[in-house]
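A quick write-up on the structure given underneath.
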Amino acid sequence: MAKPQPQQTDSKNTIIMVLVALVVVMIAATAVNTWLLLDTRTTAHAALHGNLPEQDRVREPVFVKVDPFTVNLRSDQFGPRLLYAGMTLEVQDGSSKDTLMSNMPQVRSRLLVLLSGLDAERISTADGKTALAETIRTRLSEPYANSTAEIEIFDVLFTEFIVQ
């Protein structure tokens, strides 16, 4: 008895379809890779000639040191609590640093008022410190007496942080 031919044809068609699909995937991957390579070359060329958009430029960090201070925290089951904190602010540029330095009494006052109402248990955790840094960043970014513009503060870095 002779074997039926359609089964061989079906398996050959399946193999051909798989090979065609692999070739299509390889062509697509090569096209994407070529496009990414050309895009990278364009960006590198723009960087070499200083034509990068503002958001792609690397900014030099500008830091403002806030001297350490002690503040009373809200009392809890352990009695009166204290926070001893020192921090450094990463700001936008030199003019922001100058504004903060010339308004340092107001900066420290804002910090003392903000921190004095906090719970020691909440700010003792890593999440509490992160939330506190964001709150400080927002509060200190508000305009000051001799400036109507907000100051962009990128980060609040705690250099000293003791809760007793």
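Numbering starts fresh at 1 for the residues of each chain in the structure tokens, the chains themselves are lettered A, B, ... in the order given, and ligands are numbered from 1 as they appear.
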Among chain A, which residues carry a DSSP assignment of strand (DSSP E or B), reported as an MDAnalysis selection string? chainID A and resid 62:76 79:91 153:163
With N, CA and C atoms retained, could you export that selection as a JSON list (two decimals), in the first residue's frame?
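Final file, selection_19.json:
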[["chain", "number", "residue", "atom", "x", "y", "z"],
["A", 62, "VAL", "N", 24.00, 71.51, 42.43],
["A", 62, "VAL", "CA", 24.27, 72.67, 43.27],
["A", 62, "VAL", "C", 23.65, 72.36, 44.63],
["A", 63, "PHE", "N", 24.47, 72.40, 45.68],
["A", 63, "PHE", "CA", 24.01, 72.01, 47.00],
["A", 63, "PHE", "C", 24.01, 73.20, 47.95],
["A", 64, "VAL", "N", 23.00, 73.20, 48.83],
["A", 64, "VAL", "CA", 22.90, 74.20, 49.89],
["A", 64, "VAL", "C", 22.85, 73.44, 51.21],
["A", 65, "LYS", "N", 23.82, 73.73, 52.08],
["A", 65, "LYS", "CA", 23.88, 73.05, 53.37],
["A", 65, "LYS", "C", 23.04, 73.82, 54.39],
["A", 66, "VAL", "N", 22.18, 73.08, 55.08],
["A", 66, "VAL", "CA", 21.40, 73.65, 56.18],
["A", 66, "VAL", "C", 22.03, 73.11, 57.45],
["A", 67, "ASP", "N", 22.51, 74.01, 58.31],
["A", 67, "ASP", "CA", 23.17, 73.60, 59.54],
["A", 67, "ASP", "C", 22.22, 72.77, 60.40],
["A", 68, "PRO", "N", 22.77, 71.82, 61.13],
["A", 68, "PRO", "CA", 21.93, 70.96, 61.99],
["A", 68, "PRO", "C", 21.18, 71.78, 63.03],
["A", 69, "PHE", "N", 20.01, 71.30, 63.41],
["A", 69, "PHE", "CA", 19.20, 71.96, 64.43],
["A", 69, "PHE", "C", 18.44, 70.90, 65.21],
["A", 70, "THR", "N", 17.95, 71.30, 66.37],
["A", 70, "THR", "CA", 17.19, 70.41, 67.23],
["A", 70, "THR", "C", 15.79, 70.98, 67.37],
["A", 71, "VAL", "N", 14.79, 70.10, 67.30],
["A", 71, "VAL", "CA", 13.41, 70.54, 67.41],
["A", 71, "VAL", "C", 12.65, 69.54, 68.28],
["A", 72, "ASN", "N", 11.70, 70.04, 69.08],
["A", 72, "ASN", "CA", 10.83, 69.19, 69.89],
["A", 72, "ASN", "C", 9.78, 68.56, 68.98],
["A", 73, "LEU", "N", 9.61, 67.26, 69.12],
["A", 73, "LEU", "CA", 8.57, 66.56, 68.39],
["A", 73, "LEU", "C", 7.33, 66.43, 69.27],
["A", 74, "ARG", "N", 6.26, 65.96, 68.69],
["A", 74, "ARG", "CA", 5.04, 65.73, 69.45],
["A", 74, "ARG", "C", 5.29, 64.65, 70.50],
["A", 75, "SER", "N", 4.81, 64.85, 71.70],
["A", 75, "SER", "CA", 5.00, 63.87, 72.78],
["A", 75, "SER", "C", 4.21, 62.60, 72.48],
["A", 76, "ASP", "N", 4.74, 61.47, 72.94],
["A", 76, "ASP", "CA", 4.04, 60.21, 72.78],
["A", 76, "ASP", "C", 4.13, 59.42, 74.09],
["A", 79, "GLY", "N", 7.07, 60.11, 76.33],
["A", 79, "GLY", "CA", 7.27, 61.47, 76.82],
["A", 79, "GLY", "C", 7.76, 62.38, 75.71],
["A", 80, "PRO", "N", 8.36, 63.50, 76.08],
["A", 80, "PRO", "CA", 8.84, 64.45, 75.08],
["A", 80, "PRO", "C", 9.93, 63.81, 74.20],
["A", 81, "ARG", "N", 9.88, 64.10, 72.92],
["A", 81, "ARG", "CA", 10.84, 63.54, 71.96],
["A", 81, "ARG", "C", 11.55, 64.68, 71.24],
["A", 82, "LEU", "N", 12.78, 64.44, 70.81],
["A", 82, "LEU", "CA", 13.59, 65.43, 70.10],
["A", 82, "LEU", "C", 14.04, 64.89, 68.75],
["A", 83, "LEU", "N", 14.19, 65.78, 67.82],
["A", 83, "LEU", "CA", 14.78, 65.45, 66.52],
["A", 83, "LEU", "C", 15.98, 66.36, 66.31],
["A", 84, "TYR", "N", 17.12, 65.75, 66.05],
["A", 84, "TYR", "CA", 18.33, 66.48, 65.68],
["A", 84, "TYR", "C", 18.56, 66.16, 64.21],
["A", 85, "ALA", "N", 18.49, 67.17, 63.36],
["A", 85, "ALA", "CA", 18.57, 66.92, 61.91],
["A", 85, "ALA", "C", 19.45, 67.96, 61.24],
["A", 86, "GLY", "N", 20.21, 67.47, 60.29],
["A", 86, "GLY", "CA", 20.98, 68.32, 59.40],
["A", 86, "GLY", "C", 20.69, 67.86, 57.99],
["A", 87, "MET", "N", 20.69, 68.77, 57.04],
["A", 87, "MET", "CA", 20.35, 68.38, 55.67],
["A", 87, "MET", "C", 21.07, 69.23, 54.65],
["A", 88, "THR", "N", 21.10, 68.71, 53.46],
["A", 88, "THR", "CA", 21.64, 69.43, 52.31],
["A", 88, "THR", "C", 20.57, 69.41, 51.23],
["A", 89, "LEU", "N", 20.34, 70.55, 50.60],
["A", 89, "LEU", "CA", 19.34, 70.66, 49.55],
["A", 89, "LEU", "C", 20.02, 70.71, 48.20],
["A", 90, "GLU", "N", 19.53, 69.93, 47.26],
["A", 90, "GLU", "CA", 20.03, 69.99, 45.88],
["A", 90, "GLU", "C", 19.09, 70.90, 45.10],
["A", 91, "VAL", "N", 19.63, 72.02, 44.62],
["A", 91, "VAL", "CA", 18.80, 73.03, 43.95],
["A", 91, "VAL", "C", 19.14, 73.13, 42.47],
["A", 153, "ILE", "N", 13.71, 72.68, 44.01],
["A", 153, "ILE", "CA", 14.59, 71.85, 44.84],
["A", 153, "ILE", "C", 14.42, 70.42, 44.34],
["A", 154, "PHE", "N", 15.53, 69.83, 43.89],
["A", 154, "PHE", "CA", 15.47, 68.49, 43.32],
["A", 154, "PHE", "C", 15.46, 67.41, 44.38],
["A", 155, "ASP", "N", 16.19, 67.62, 45.47],
["A", 155, "ASP", "CA", 16.29, 66.56, 46.48],
["A", 155, "ASP", "C", 16.63, 67.15, 47.84],
["A", 156, "VAL", "N", 16.16, 66.49, 48.88],
["A", 156, "VAL", "CA", 16.51, 66.82, 50.26],
["A", 156, "VAL", "C", 17.32, 65.64, 50.78],
["A", 157, "LEU", "N", 18.57, 65.91, 51.13],
["A", 157, "LEU", "CA", 19.47, 64.86, 51.59],
["A", 157, "LEU", "C", 19.73, 65.05, 53.07],
["A", 158, "PHE", "N", 19.35, 64.08, 53.88],
["A", 158, "PHE", "CA", 19.59, 64.17, 55.31],
["A", 158, "PHE", "C", 21.05, 63.81, 55.57],
["A", 159, "THR", "N", 21.78, 64.70, 56.22],
["A", 159, "THR", "CA", 23.17, 64.42, 56.57],
["A", 159, "THR", "C", 23.29, 63.99, 58.03],
["A", 160, "GLU", "N", 22.32, 64.37, 58.84],
["A", 160, "GLU", "CA", 22.26, 63.96, 60.24],
["A", 160, "GLU", "C", 20.79, 63.79, 60.58],
["A", 161, "PHE", "N", 20.47, 62.74, 61.33],
["A", 161, "PHE", "CA", 19.07, 62.48, 61.66],
["A", 161, "PHE", "C", 19.01, 61.60, 62.89],
["A", 162, "ILE", "N", 18.73, 62.20, 64.04],
["A", 162, "ILE", "CA", 18.66, 61.47, 65.30],
["A", 162, "ILE", "C", 17.33, 61.80, 65.98],
["A", 163, "VAL", "N", 16.57, 60.76, 66.31],
["A", 163, "VAL", "CA", 15.32, 60.92, 67.04],
["A", 163, "VAL", "C", 15.53, 60.34, 68.43]]
Using DSSP on the backbone, list every residue of segment 15-159 of chain A that comes out as helix (DSSP H, G or I), and give them as a PyMOL selection string. chain A and resi 15-48+54-56+94-102+104-116+120-123+126-140
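The smallest atom-to-atom distance between Arg108 of chain A and any of A:Ile136, A:Ile151, A:Ala131, A:Leu22, using only C-alpha atoms, is found for A:Ile136.
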Counting only C-alpha atoms, the residue of A:Val25, A:Trp35, A:Glu60, A:Thr135 that sits nearest Leu118 of chain A: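 Nearest candidate to Leu118 of chain A out of A:Val25, A:Trp35, A:Glu60, A:Thr135: A:Thr135.
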